[in-house]
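Asker: model16.txt is reproduced below (compact mmCIF, C-alpha atoms and all ligand atoms).
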```txt
# COMPACT_ATOMS: atom_id res chain seq x y z
CA MET A 1 22.40 -50.50 -31.30
CA ARG A 2 20.74 -47.56 -32.96
CA VAL A 3 17.39 -48.67 -31.53
CA HIS A 4 18.88 -48.92 -28.04
CA LEU A 5 20.29 -45.42 -28.25
CA SER A 6 16.99 -43.92 -29.23
CA ILE A 7 15.22 -45.78 -26.44
CA LEU A 8 17.84 -44.45 -24.06
CA SER A 9 17.41 -40.88 -25.24
CA LEU A 10 13.63 -41.24 -25.05
CA PHE A 11 14.04 -42.45 -21.49
CA LEU A 12 16.31 -39.52 -20.65
CA PHE A 13 13.88 -37.08 -22.20
CA VAL A 14 10.99 -38.46 -20.22
CA SER A 15 12.89 -38.50 -16.91
CA CYS A 16 14.21 -34.96 -17.34
CA SER A 17 10.81 -33.49 -18.01
CA LYS A 18 9.19 -35.57 -15.29
CA LYS A 19 6.86 -33.36 -13.30
CA THR A 20 6.82 -33.50 -9.52
CA PHE A 21 3.07 -32.95 -9.33
CA VAL A 22 0.63 -34.94 -11.45
CA GLU A 23 -2.50 -34.35 -9.41
CA ASP A 24 -4.36 -31.19 -8.44
CA LYS A 25 -4.69 -30.37 -4.75
CA VAL A 26 -7.22 -28.68 -2.49
CA PHE A 27 -5.78 -26.50 0.27
CA ALA A 28 -7.29 -24.86 3.37
CA GLY A 29 -10.14 -22.50 2.56
CA GLY A 30 -11.18 -24.70 -0.38
CA ILE A 31 -8.43 -23.33 -2.62
CA HIS A 32 -8.16 -25.60 -5.65
CA VAL A 33 -4.69 -25.69 -7.21
CA SER A 34 -3.76 -27.42 -10.47
CA ALA A 35 -0.73 -29.69 -10.76
CA GLY A 36 0.57 -27.35 -13.46
CA LYS A 37 0.57 -24.39 -11.05
CA LEU A 38 2.39 -26.40 -8.38
CA ASN A 39 5.06 -27.43 -10.91
CA ALA A 40 5.47 -23.79 -11.95
CA GLY A 41 5.68 -22.80 -8.27
CA GLU A 42 8.41 -25.36 -7.72
CA GLN A 43 10.52 -23.80 -10.48
CA ILE A 44 10.13 -20.32 -8.99
CA TYR A 45 10.96 -21.68 -5.56
CA LYS A 46 14.15 -23.34 -6.84
CA GLU A 47 15.22 -20.15 -8.53
CA TYR A 48 14.45 -17.59 -5.82
CA CYS A 49 13.76 -19.18 -2.46
CA MET A 50 15.61 -22.47 -2.12
CA ALA A 51 19.01 -20.95 -1.26
CA CYS A 52 17.59 -19.94 2.12
CA HIS A 53 14.49 -22.05 2.66
CA GLY A 54 16.11 -25.32 1.47
CA VAL A 55 15.31 -28.13 -0.98
CA LYS A 56 13.05 -29.74 1.61
CA GLY A 57 11.57 -26.44 2.76
CA ASP A 58 13.09 -26.92 6.20
CA GLY A 59 14.86 -23.56 6.28
CA LYS A 60 18.27 -25.15 5.86
CA GLY A 61 19.26 -24.00 2.38
CA PRO A 62 22.96 -23.42 1.65
CA ALA A 63 22.65 -19.71 2.55
CA HIS A 64 20.94 -20.17 5.94
CA LYS A 65 24.09 -20.57 8.01
CA GLY A 66 24.90 -17.79 10.43
CA MET A 67 21.64 -15.95 9.83
CA LYS A 68 20.55 -14.16 12.99
CA VAL A 69 16.90 -14.63 12.02
CA PRO A 70 16.75 -18.09 10.44
CA PRO A 71 14.70 -18.65 7.25
CA ARG A 72 11.28 -20.12 7.97
CA ASP A 73 11.01 -23.90 8.15
CA PHE A 74 7.95 -24.47 5.93
CA THR A 75 7.50 -28.08 7.07
CA LEU A 76 6.09 -26.80 10.39
CA GLY A 77 3.20 -24.99 8.75
CA ILE A 78 3.43 -22.17 11.34
CA TYR A 79 3.68 -18.54 10.23
CA LYS A 80 4.50 -15.35 12.08
CA PHE A 81 2.99 -12.58 10.03
CA GLY A 82 -0.45 -13.61 8.81
CA GLN A 83 -3.23 -11.05 9.24
CA VAL A 84 -5.15 -13.63 11.26
CA PRO A 85 -5.03 -14.49 14.98
CA SER A 86 -1.65 -16.10 15.63
CA GLY A 87 -1.73 -19.85 15.18
CA ASP A 88 -4.38 -19.71 12.43
CA LEU A 89 -3.60 -20.14 8.73
CA PRO A 90 -2.92 -16.97 6.73
CA HIS A 91 -4.72 -16.11 3.49
CA ASP A 92 -2.81 -16.09 0.18
CA ARG A 93 -3.02 -12.30 0.09
CA HIS A 94 -1.06 -12.09 3.36
CA PHE A 95 1.75 -14.07 1.77
CA TYR A 96 1.69 -11.77 -1.28
CA ASP A 97 2.00 -8.75 1.06
CA LEU A 98 4.98 -10.35 2.69
CA LEU A 99 6.64 -11.14 -0.64
CA THR A 100 5.98 -7.62 -1.94
CA HIS A 101 7.27 -5.81 1.16
CA GLY A 102 9.77 -8.27 2.65
CA LEU A 103 10.43 -8.46 6.38
CA ASN A 104 12.36 -5.43 7.61
CA GLY A 105 15.67 -6.16 9.24
CA THR A 106 15.85 -9.79 8.07
CA ALA A 107 17.29 -11.58 5.02
CA MET A 108 13.74 -11.94 3.70
CA LEU A 109 13.77 -9.16 1.09
CA PRO A 110 10.96 -7.78 -1.05
CA TRP A 111 10.54 -9.71 -4.32
CA ASP A 112 9.66 -8.38 -7.72
CA LEU A 113 7.31 -11.19 -8.76
CA THR A 114 4.08 -10.97 -10.71
CA GLU A 115 0.86 -11.90 -8.91
CA GLY A 116 0.78 -15.13 -10.96
CA GLN A 117 4.29 -16.05 -9.84
CA MET A 118 3.48 -15.21 -6.21
CA ASP A 119 0.36 -17.34 -6.42
CA ALA A 120 2.30 -20.33 -7.82
CA VAL A 121 5.15 -20.18 -5.30
CA VAL A 122 2.81 -19.64 -2.34
CA GLN A 123 0.75 -22.71 -3.32
CA TYR A 124 3.98 -24.66 -3.71
CA ILE A 125 5.32 -23.84 -0.22
CA LYS A 126 2.07 -25.18 1.26
CA THR A 127 3.06 -28.63 -0.08
CA PHE A 128 5.88 -28.76 2.50
CA ALA A 129 3.27 -28.96 5.28
CA PRO A 130 0.56 -31.21 3.81
CA LYS A 131 -0.92 -32.13 7.20
CA VAL A 132 -1.64 -28.48 7.88
CA TRP A 133 -2.79 -27.35 4.43
CA GLU A 134 -4.23 -30.24 2.45
CA GLY A 135 -7.89 -31.17 2.55
CA LYS A 136 -11.32 -29.67 2.05
CA ASP A 137 -11.92 -29.58 5.81
CA LYS A 138 -9.00 -27.24 6.57
CA GLU A 139 -9.90 -23.65 7.41
CA LEU A 140 -8.12 -20.32 7.10
CA GLY A 141 -7.98 -17.91 10.03
CA GLU A 142 -10.49 -15.10 10.28
CA GLU A 143 -8.95 -12.08 8.62
CA ILE A 144 -8.19 -9.12 10.89
CA ILE A 145 -9.40 -5.88 9.37
CA ALA A 146 -8.51 -2.50 10.83
CA THR A 147 -11.49 -0.82 12.53
CA LYS A 148 -11.98 2.94 12.26
CA ASP A 149 -9.10 4.72 13.97
CA PRO A 150 -10.75 6.42 17.01
CA PHE A 151 -7.94 9.01 17.31
CA GLY A 152 -6.64 10.16 13.93
CA GLU A 153 -3.89 12.73 13.29
CA ALA A 154 -5.79 15.41 15.26
CA HIS A 155 -5.65 13.42 18.50
CA LYS A 156 -2.27 11.84 17.98
CA SER A 157 -0.64 13.11 21.19
CA ALA A 158 -3.61 11.97 23.30
CA ALA A 159 -3.33 8.56 21.62
CA ILE A 160 0.39 8.33 22.39
CA GLN A 161 -0.15 9.26 26.04
CA LYS A 162 -2.94 6.71 26.43
CA GLY A 163 -0.83 4.12 24.57
CA LYS A 164 2.03 4.66 26.99
CA GLU A 165 -0.34 3.87 29.88
CA VAL A 166 -1.76 0.81 28.14
CA TYR A 167 1.74 -0.42 27.33
CA HIS A 168 3.11 -0.10 30.87
CA ALA A 169 0.09 -0.61 33.13
CA VAL A 170 -2.71 -2.47 31.25
CA ALA A 171 -1.02 -4.91 28.85
CA ASN A 172 2.37 -4.88 30.60
CA CYS A 173 4.24 -5.17 27.31
CA GLN A 174 7.47 -4.61 29.27
CA SER A 175 7.14 -8.11 30.74
CA CYS A 176 8.76 -9.25 27.44
CA HIS A 177 9.77 -6.04 25.67
CA ARG A 178 11.50 -3.29 27.66
CA ALA A 179 9.98 -0.33 29.49
CA TYR A 180 10.37 3.30 28.38
CA VAL A 181 9.35 5.26 31.50
CA SER A 182 11.16 6.28 34.68
CA LEU A 183 10.24 4.89 38.10
CA GLU A 184 8.44 8.16 38.87
CA GLU A 185 6.35 8.04 35.69
CA TYR A 186 5.71 4.30 36.04
CA SER A 187 4.43 4.87 39.53
CA SER A 188 2.14 7.74 38.52
CA ILE A 189 0.76 5.75 35.55
CA ASN A 190 0.06 2.81 37.84
CA LYS A 191 -1.59 5.03 40.40
CA LYS A 192 -3.89 6.38 37.70
CA VAL A 193 -4.66 3.06 35.98
CA ASN A 194 -4.43 0.50 38.80
CA ASN A 195 -4.64 2.71 41.88
CA GLU A 196 -1.31 1.36 42.98
CA ALA A 197 1.96 3.20 43.68
CA ILE A 198 5.26 1.58 42.77
CA ASP A 199 8.47 2.23 44.68
CA GLU A 200 10.85 -0.23 43.06
CA LEU A 201 11.54 -1.47 39.54
CA ASP A 202 12.32 -5.03 38.48
CA GLU A 203 15.97 -5.51 37.62
CA ASP A 204 15.20 -6.26 33.96
CA PHE A 205 12.65 -3.45 33.57
CA TYR A 206 14.77 -1.80 30.85
CA GLN A 207 15.88 -5.04 29.17
CA THR A 208 14.24 -7.10 26.44
CA LYS A 209 13.69 -10.65 27.65
CA GLN A 210 14.47 -13.61 25.38
CA GLN A 211 11.49 -15.87 24.67
CA GLU A 212 10.90 -19.44 23.48
CA THR A 213 9.39 -20.02 20.04
CA GLU A 214 7.82 -22.96 18.25
CA TYR A 215 10.57 -22.75 15.62
CA GLY A 216 13.28 -24.36 17.73
CA TYR A 217 15.18 -21.18 18.61
CA MET A 218 14.89 -18.36 21.16
CA ASN A 219 14.04 -14.87 19.95
CA VAL A 220 14.32 -11.39 21.31
CA PRO A 221 11.26 -9.13 21.52
CA PRO A 222 12.26 -5.91 19.77
CA ASP A 223 13.26 -2.67 21.48
CA PHE A 224 11.09 -0.41 19.31
CA THR A 225 13.59 2.46 19.45
CA TRP A 226 16.41 0.24 18.24
CA HIS A 227 15.40 -2.90 16.28
CA ARG A 228 13.62 -2.87 12.97
CA ILE A 229 9.97 -3.91 13.11
CA ARG A 230 9.50 -6.67 10.56
CA SER A 231 5.94 -6.44 9.39
CA ALA A 232 4.78 -2.91 10.25
CA LYS A 233 5.63 0.62 9.20
CA THR A 234 2.42 2.57 9.90
CA VAL A 235 0.05 2.88 12.87
CA GLU A 236 -2.51 0.81 10.94
CA HIS A 237 0.02 -1.98 10.25
CA LEU A 238 0.84 -1.98 13.96
CA TYR A 239 -2.87 -2.19 14.82
CA ILE A 240 -3.12 -5.33 12.67
CA ARG A 241 0.07 -6.86 14.03
CA LEU A 242 -0.91 -6.23 17.66
CA SER A 243 -4.40 -7.61 17.06
CA ALA A 244 -3.01 -10.70 15.32
CA GLY A 245 0.14 -11.34 17.38
CA VAL A 246 3.17 -13.11 15.91
CA GLY A 247 2.47 -16.80 15.21
CA GLY A 248 4.69 -19.43 16.81
CA THR A 249 6.24 -16.87 19.19
CA ALA A 250 5.44 -15.50 22.65
CA MET A 251 3.94 -12.32 21.12
CA PRO A 252 0.20 -12.69 21.90
CA ALA A 253 -2.78 -11.67 19.78
CA TRP A 254 -4.18 -8.66 21.67
CA LYS A 255 -7.57 -8.67 19.96
CA ASP A 256 -10.24 -9.33 22.63
CA THR A 257 -7.62 -9.18 25.41
CA ILE A 258 -7.49 -5.39 25.56
CA THR A 259 -10.10 -3.07 24.02
CA ASP A 260 -10.02 -1.99 20.39
CA GLU A 261 -9.32 1.61 21.44
CA GLU A 262 -6.43 0.42 23.59
CA ILE A 263 -4.93 -1.46 20.62
CA TRP A 264 -5.11 1.72 18.52
CA ALA A 265 -3.58 3.79 21.33
CA VAL A 266 -0.69 1.42 21.91
CA SER A 267 -0.11 1.31 18.12
CA TYR A 268 0.36 5.10 18.15
CA TYR A 269 2.68 4.77 21.10
CA VAL A 270 4.83 2.04 19.50
CA LYS A 271 5.00 4.11 16.29
CA SER A 272 6.26 7.10 18.31
CA LEU A 273 8.96 4.86 19.81
CA MET A 274 9.95 3.60 16.34
CA GLU A 275 10.42 7.20 15.25
CA LEU A 276 13.07 7.71 17.96
CA ARG A 277 15.44 5.34 16.17
CA ASP A 278 18.80 7.06 15.45
CA THR A 279 17.72 10.41 16.92
CA PRO A 280 19.21 12.57 19.72
CA GLU A 281 15.83 12.26 21.51
CA ARG A 282 16.46 8.56 21.89
CA LYS A 283 19.79 9.28 23.56
CA ARG A 284 18.14 11.76 25.91
CA LEU A 285 15.37 9.31 26.79
CA MET A 286 17.81 6.47 27.41
CA SER A 287 20.02 8.59 29.66
CA ARG A 288 16.97 9.34 31.83
CA LEU A 289 16.09 5.63 32.18
CA LYS A 290 18.61 4.06 34.47
C1 LIG B 301 18.19 -14.59 1.64
C2 LIG B 301 17.36 -15.55 2.32
C3 LIG B 301 15.91 -15.72 1.92
C4 LIG B 301 15.37 -15.92 0.65
C5 LIG B 301 16.14 -16.04 -0.65
C6 LIG B 301 13.95 -16.06 0.83
N1 LIG B 301 13.61 -15.95 2.15
FE1 LIG B 301 11.75 -16.17 2.94
N2 LIG B 301 12.48 -15.85 4.80
C7 LIG B 301 13.81 -15.61 5.09
C8 LIG B 301 13.95 -15.38 6.52
C9 LIG B 301 15.23 -15.08 7.26
C10 LIG B 301 12.65 -15.50 7.07
C11 LIG B 301 12.26 -15.42 8.55
C12 LIG B 301 11.86 -14.04 9.00
C13 LIG B 301 11.40 -14.03 10.43
O1 LIG B 301 11.32 -15.06 11.09
O2 LIG B 301 11.07 -12.95 10.89
C14 LIG B 301 11.76 -15.81 5.96
C15 LIG B 301 10.40 -16.03 6.10
C16 LIG B 301 9.56 -16.39 5.06
C17 LIG B 301 8.16 -16.72 5.22
C18 LIG B 301 7.40 -16.80 6.52
C19 LIG B 301 6.52 -15.63 6.79
C20 LIG B 301 5.75 -15.78 8.07
O3 LIG B 301 4.69 -15.13 8.18
O4 LIG B 301 6.16 -16.52 8.95
C21 LIG B 301 7.66 -17.01 3.97
C22 LIG B 301 6.25 -17.42 3.61
C23 LIG B 301 8.76 -16.84 3.03
N3 LIG B 301 9.90 -16.47 3.73
C24 LIG B 301 8.66 -17.06 1.68
C25 LIG B 301 9.71 -16.92 0.79
C26 LIG B 301 9.58 -17.12 -0.63
C27 LIG B 301 8.31 -17.55 -1.34
C28 LIG B 301 10.81 -16.87 -1.18
C29 LIG B 301 11.19 -16.88 -2.63
C30 LIG B 301 10.41 -16.03 -3.51
C31 LIG B 301 11.72 -16.54 -0.07
N4 LIG B 301 11.01 -16.58 1.10
C32 LIG B 301 13.06 -16.27 -0.21
C33 LIG B 301 14.85 -15.59 4.21
C34 LIG B 301 14.77 -15.75 2.84
C1 LIG B 302 4.89 -12.76 26.32
C2 LIG B 302 5.87 -11.91 25.67
C3 LIG B 302 5.38 -10.70 24.92
C4 LIG B 302 4.46 -9.74 25.33
C5 LIG B 302 3.70 -9.66 26.65
C6 LIG B 302 4.40 -8.78 24.27
N1 LIG B 302 5.23 -9.13 23.24
FE1 LIG B 302 5.48 -8.12 21.50
N2 LIG B 302 6.78 -9.55 20.86
C7 LIG B 302 7.22 -10.60 21.60
C8 LIG B 302 8.19 -11.35 20.82
C9 LIG B 302 8.93 -12.58 21.28
C10 LIG B 302 8.30 -10.70 19.58
C11 LIG B 302 9.20 -11.09 18.41
C12 LIG B 302 8.48 -11.96 17.40
C13 LIG B 302 9.35 -12.30 16.21
O1 LIG B 302 9.40 -11.51 15.27
O2 LIG B 302 9.96 -13.35 16.22
C14 LIG B 302 7.40 -9.57 19.64
C15 LIG B 302 7.21 -8.69 18.59
C16 LIG B 302 6.47 -7.53 18.67
C17 LIG B 302 6.35 -6.54 17.62
C18 LIG B 302 7.03 -6.60 16.27
C19 LIG B 302 6.24 -7.25 15.16
C20 LIG B 302 7.01 -7.21 13.87
O3 LIG B 302 6.36 -7.07 12.82
O4 LIG B 302 8.25 -7.30 13.87
C21 LIG B 302 5.56 -5.53 18.09
C22 LIG B 302 5.17 -4.26 17.37
C23 LIG B 302 5.19 -5.88 19.45
N3 LIG B 302 5.74 -7.11 19.74
C24 LIG B 302 4.43 -5.08 20.27
C25 LIG B 302 3.99 -5.46 21.53
C26 LIG B 302 3.12 -4.67 22.36
C27 LIG B 302 2.66 -3.27 22.03
C28 LIG B 302 2.84 -5.40 23.48
C29 LIG B 302 1.90 -5.07 24.57
C30 LIG B 302 0.55 -4.68 24.16
C31 LIG B 302 3.58 -6.66 23.35
N4 LIG B 302 4.26 -6.65 22.18
C32 LIG B 302 3.60 -7.65 24.31
C33 LIG B 302 6.81 -10.95 22.86
C34 LIG B 302 5.86 -10.29 23.60
```
Let me see the structure of the file written as structure tokens.

Answerer:
Amino acid sequence: MRVHLSILSLFLFVSCSKKTFVEDKVFAGGIHVSAGKLNAGEQIYKEYCMACHGVKGDGKGPAHKGMKVPPRDFTLGIYKFGQVPSGDLPHDRHFYDLLTHGLNGTAMLPWDLTEGQMDAVVQYIKTFAPKVWEGKDKELGEEIIATKDPFGEAHKSAAIQKGKEVYHAVANCQSCHRAYVSLEEYSSINKKVNNEAIDELDEDFYQTKQQETEYGYMNVPPDFTWHRIRSAKTVEHLYIRLSAGVGGTAMPAWKDTITDEEIWAVSYYVKSLMELRDTPERKRLMSRLK
């Protein structure tokens, strides 16, 4: 009897301390991760992330219900805010940035984790999408680095004006987002940029237009004067986001589609729109746009 009990307790001890990972793994970019780190990452995940992102990493944790922006489903292996062209795999550092700063206006808050903890939990979440991450042959996206700002503070108003033209007449951002100019101004911008006068506006010119995503839900492109921008606070952040796009959504990567100077200009313009949030100027602008 006594022997049986001790065998039983030995068995219990072994099963309780059973580790999920016994083998090391190699992830995209040749990143070698020990089993010990993955087990540590799992513990951090359970403590801090699972409530939203779920036991299986599918974004269906107990706290996900009713969230306007659903927690990411990690089994898809698609990410919105890497500093790489959308659709490519982000670098670890991009995940650390995201964990350190959070995503504005969503339930994804900034976390106070050490770099070691971030490293462990980031490696762990990759294990939810093994087909995307595992293997020596898998590659990370090419990192997008900000070029030298061709405008700078001294030429800020010129940048904003040019950005307004790029937004409404070169890139046509208002085809998903909304427009911020009157018919008169839209027509004069188009005359200048495309040598074409406009005498009528589309019905949804001043509305944001819902878009499909690869995450299984529709999303709304932000109105920059109203919604919070998730991954960008400064002109330089915007430059990177516009160059990279937003993975798994309709928001394209603008790098190589418009010129580098145009990306900088439109970044200044979007920043100027973000600054209108909660101001009387916004009210005045909106009352002119009917
Ligand atoms: C309170 C809920 C909540 C918790 C807790 C939470 N997240 Fe999130 N997380 C979200 C939401 C919501 C999003 C989706 C944001 C979006 O789509 O814009 C998200 C998105 C992400 C993304 C995707 C980023 C991208 O580029 O697509 C990663 C990675 C992530 N979370 C990691 C974590 C980690 C690691 C933890 C734990 C340290 C954690 N999250 C804890 C709600 C949460
Ligand atoms: C084909 C549709 C489409 C076009 C065209 C488009 N966007 Fe977007 N954009 C989106 C969608 C959808 C989102 C929301 C992505 C999300 O967070 O889920 C978005 C998000 C953004 C964001 C927010 C990123 C963040 O961190 O929250 C910025 C800034 C942005 N777009 C700027 C622009 C600019 C500037 C242009 C034109 C140069 C443009 N977009 C053109 C669909 C579009």

Asker: Return the single residue from A:Gly61, A:Pro221, A:Gly116, A:Pro85 that is closest to A:Gly141, with distances computed using all atoms listed in the file.

Answerer: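 Among A:Gly61, A:Pro221, A:Gly116, A:Pro85, it is A:Pro85 that comes nearest to A:Gly141.
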
Asker: If we count all atoms listed in the file and set the cut-off at 12 Å, which residues sit around stretch 237-241 of chain A, ignoring sequence neighbours fewer than 6 positions away in its own chain? Please answer as a PyMOL selection string.

Answerer: chain A and resi 80-86+94+97+143-150+163+224+229-231+247+251-255+259-272+274

Asker: List all protein, DNA and RNA residues that have at least one atom no more than 7 Å from any atom of ligand LIG 301 (chain B), counting only C-alpha atoms and all ligand atoms, and write them as a PyMOL selection string.

Answerer: chain A and resi 44-45+48-53+63-64+67+69-72+78-82+95+98-99+103+106-109+111+121-122+230

Asker: Residues of the last selection are to be written out with C-alpha atoms, as a compact mmCIF listing (two decimals), in the frame of the given file.

Answerer:
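Final file, out_35.txt:
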```
# COMPACT_ATOMS: atom_id res chain seq x y z
CA ILE A 44 10.13 -20.32 -8.99
CA TYR A 45 10.96 -21.68 -5.56
CA TYR A 48 14.45 -17.59 -5.82
CA CYS A 49 13.76 -19.18 -2.46
CA MET A 50 15.61 -22.47 -2.12
CA ALA A 51 19.01 -20.95 -1.26
CA CYS A 52 17.59 -19.94 2.12
CA HIS A 53 14.49 -22.05 2.66
CA ALA A 63 22.65 -19.71 2.55
CA HIS A 64 20.94 -20.17 5.94
CA MET A 67 21.64 -15.95 9.83
CA VAL A 69 16.90 -14.63 12.02
CA PRO A 70 16.75 -18.09 10.44
CA PRO A 71 14.70 -18.65 7.25
CA ARG A 72 11.28 -20.12 7.97
CA ILE A 78 3.43 -22.17 11.34
CA TYR A 79 3.68 -18.54 10.23
CA LYS A 80 4.50 -15.35 12.08
CA PHE A 81 2.99 -12.58 10.03
CA GLY A 82 -0.45 -13.61 8.81
CA PHE A 95 1.75 -14.07 1.77
CA LEU A 98 4.98 -10.35 2.69
CA LEU A 99 6.64 -11.14 -0.64
CA LEU A 103 10.43 -8.46 6.38
CA THR A 106 15.85 -9.79 8.07
CA ALA A 107 17.29 -11.58 5.02
CA MET A 108 13.74 -11.94 3.70
CA LEU A 109 13.77 -9.16 1.09
CA TRP A 111 10.54 -9.71 -4.32
CA VAL A 121 5.15 -20.18 -5.30
CA VAL A 122 2.81 -19.64 -2.34
CA ARG A 230 9.50 -6.67 10.56
```

Asker: Take atom CA of A:Asp256 and atom C29 of ligand LIG 302 (chain B) and report the distance between them in Å, one decimal.

Answerer: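 Taking atom CA of A:Asp256 and atom C29 of ligand LIG 302 (chain B), their separation equals 13.0 Å.
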
Asker: Could you jot down the atom CA of A:Phe128 to atom CA of A:Thr75 separation for me, Å, one decimal place?

Answerer: 4.9 Å

Asker: Could you check which of A:Gly152, A:Gly54, A:Gly102, A:Gly245 is closest to ligand LIG 302 (chain B), using only C-alpha atoms and all ligand atoms?

Answerer: A:Gly245

Asker: What is the atom C22 of ligand LIG 302 (chain B)-atom CA of A:Asp278 distance in Å, reported with one decimal?

Answerer: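 For atom C22 of ligand LIG 302 (chain B) relative to atom CA of A:Asp278, the distance reads 17.8 Å.
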
Asker: So, with all atoms listed in the file as the atoms that count, which of A:Asn195, A:Ser187, A:Thr249, A:Thr127 lies closest to ligand LIG 302 (chain B)?

Answerer: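 Distance minimum relative to ligand LIG 302 (chain B) lands on A:Thr249.
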
Asker: Ranking A:Leu76, A:Leu89, A:Ile198, A:Leu273 by minimum distance to A:Pro130 and counting only C-alpha atoms, which one comes first?

Answerer: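 Residue with the minimum atom-to-atom distance to A:Pro130: A:Leu76.
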
Asker: Have a look at A:Lys46, A:Lys68, A:Lys192, A:His155 and name the one nearest to ligand LIG 302 (chain B); count all atoms listed in the file.

Answerer: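 Of the candidates, the smallest distance to ligand LIG 302 (chain B) is held by A:Lys68.
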
Asker: Just want the 9 Å neighbourhood of A:Val193, counted on only C-alpha atoms, with same-chain residues fewer than 6 positions away dropped. Output as a list in words.

Answerer: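 My reading of the contact set: Glu165, Val166, Ala169 and Val170 of chain A.
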
Asker: Give the answer as one residue: which of A:Leu242, A:Val235, A:Ala250, A:Val33 has the shortest atom-to-atom distance to A:Tyr215, using all atoms listed in the file?

Answerer: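 Using all atoms listed in the file, A:Tyr215 sits closest to A:Ala250.
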
Asker: Determine the axis-aligned bounding box of all atoms of stretch 144-151 of chain A present in the file, pad each side by 8 Å, and express its centre and edge lengths in Å to one decimal place as AutoDock Vina command-line options.

Answerer:
```
--center_x -10.0 --center_y -0.1 --center_z 13.3 --size_x 20.0 --size_y 34.1 --size_z 23.9
```

Asker: Kindly add all heavy atoms to the incomplete stretch 32-37 of chain A and provide the output as an mmCIF file, keeping the file's coordinate frame.

Answerer:
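Resulting contents of part.cif:
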```cif
data_model
loop_
_atom_site.group_PDB
_atom_site.id
_atom_site.type_symbol
_atom_site.label_atom_id
_atom_site.label_comp_id
_atom_site.auth_asym_id
_atom_site.auth_seq_id
_atom_site.Cartn_x
_atom_site.Cartn_y
_atom_site.Cartn_z
ATOM 1 N N HIS A 32 -8.471 -24.520 -4.723
ATOM 2 C CA HIS A 32 -8.160 -25.600 -5.650
ATOM 3 C C HIS A 32 -6.951 -25.200 -6.487
ATOM 4 O O HIS A 32 -6.933 -24.135 -7.078
ATOM 5 C CB HIS A 32 -9.382 -25.842 -6.543
ATOM 6 C CG HIS A 32 -9.222 -27.026 -7.426
ATOM 7 N ND1 HIS A 32 -9.870 -28.214 -7.209
ATOM 8 C CD2 HIS A 32 -8.455 -27.216 -8.530
ATOM 9 C CE1 HIS A 32 -9.513 -29.086 -8.129
ATOM 10 N NE2 HIS A 32 -8.658 -28.492 -8.943
ATOM 11 N N VAL A 33 -5.922 -26.044 -6.501
ATOM 12 C CA VAL A 33 -4.690 -25.690 -7.210
ATOM 13 C C VAL A 33 -4.331 -26.791 -8.198
ATOM 14 O O VAL A 33 -4.280 -27.971 -7.837
ATOM 15 C CB VAL A 33 -3.528 -25.489 -6.204
ATOM 16 C CG1 VAL A 33 -2.272 -25.035 -6.930
ATOM 17 C CG2 VAL A 33 -3.905 -24.470 -5.143
ATOM 18 N N SER A 34 -4.083 -26.416 -9.454
ATOM 19 C CA SER A 34 -3.760 -27.420 -10.470
ATOM 20 C C SER A 34 -2.327 -27.909 -10.303
ATOM 21 O O SER A 34 -1.469 -27.192 -9.774
ATOM 22 C CB SER A 34 -3.941 -26.812 -11.862
ATOM 23 O OG SER A 34 -2.911 -25.865 -12.097
ATOM 24 N N ALA A 35 -2.080 -29.126 -10.790
ATOM 25 C CA ALA A 35 -0.730 -29.690 -10.760
ATOM 26 C C ALA A 35 0.220 -28.783 -11.531
ATOM 27 O O ALA A 35 1.364 -28.576 -11.132
ATOM 28 C CB ALA A 35 -0.750 -31.094 -11.335
ATOM 29 N N GLY A 36 -0.271 -28.226 -12.634
ATOM 30 C CA GLY A 36 0.570 -27.350 -13.460
ATOM 31 C C GLY A 36 1.059 -26.137 -12.662
ATOM 32 O O GLY A 36 2.226 -25.751 -12.752
ATOM 33 N N LYS A 37 0.161 -25.560 -11.847
ATOM 34 C CA LYS A 37 0.570 -24.390 -11.050
ATOM 35 C C LYS A 37 1.610 -24.784 -10.004
ATOM 36 O O LYS A 37 2.567 -24.055 -9.759
ATOM 37 C CB LYS A 37 -0.660 -23.785 -10.365
ATOM 38 C CG LYS A 37 -0.381 -22.420 -9.757
ATOM 39 C CD LYS A 37 -1.552 -21.912 -8.945
ATOM 40 C CE LYS A 37 -2.580 -21.197 -9.792
ATOM 41 N NZ LYS A 37 -3.705 -20.690 -8.976
#
```
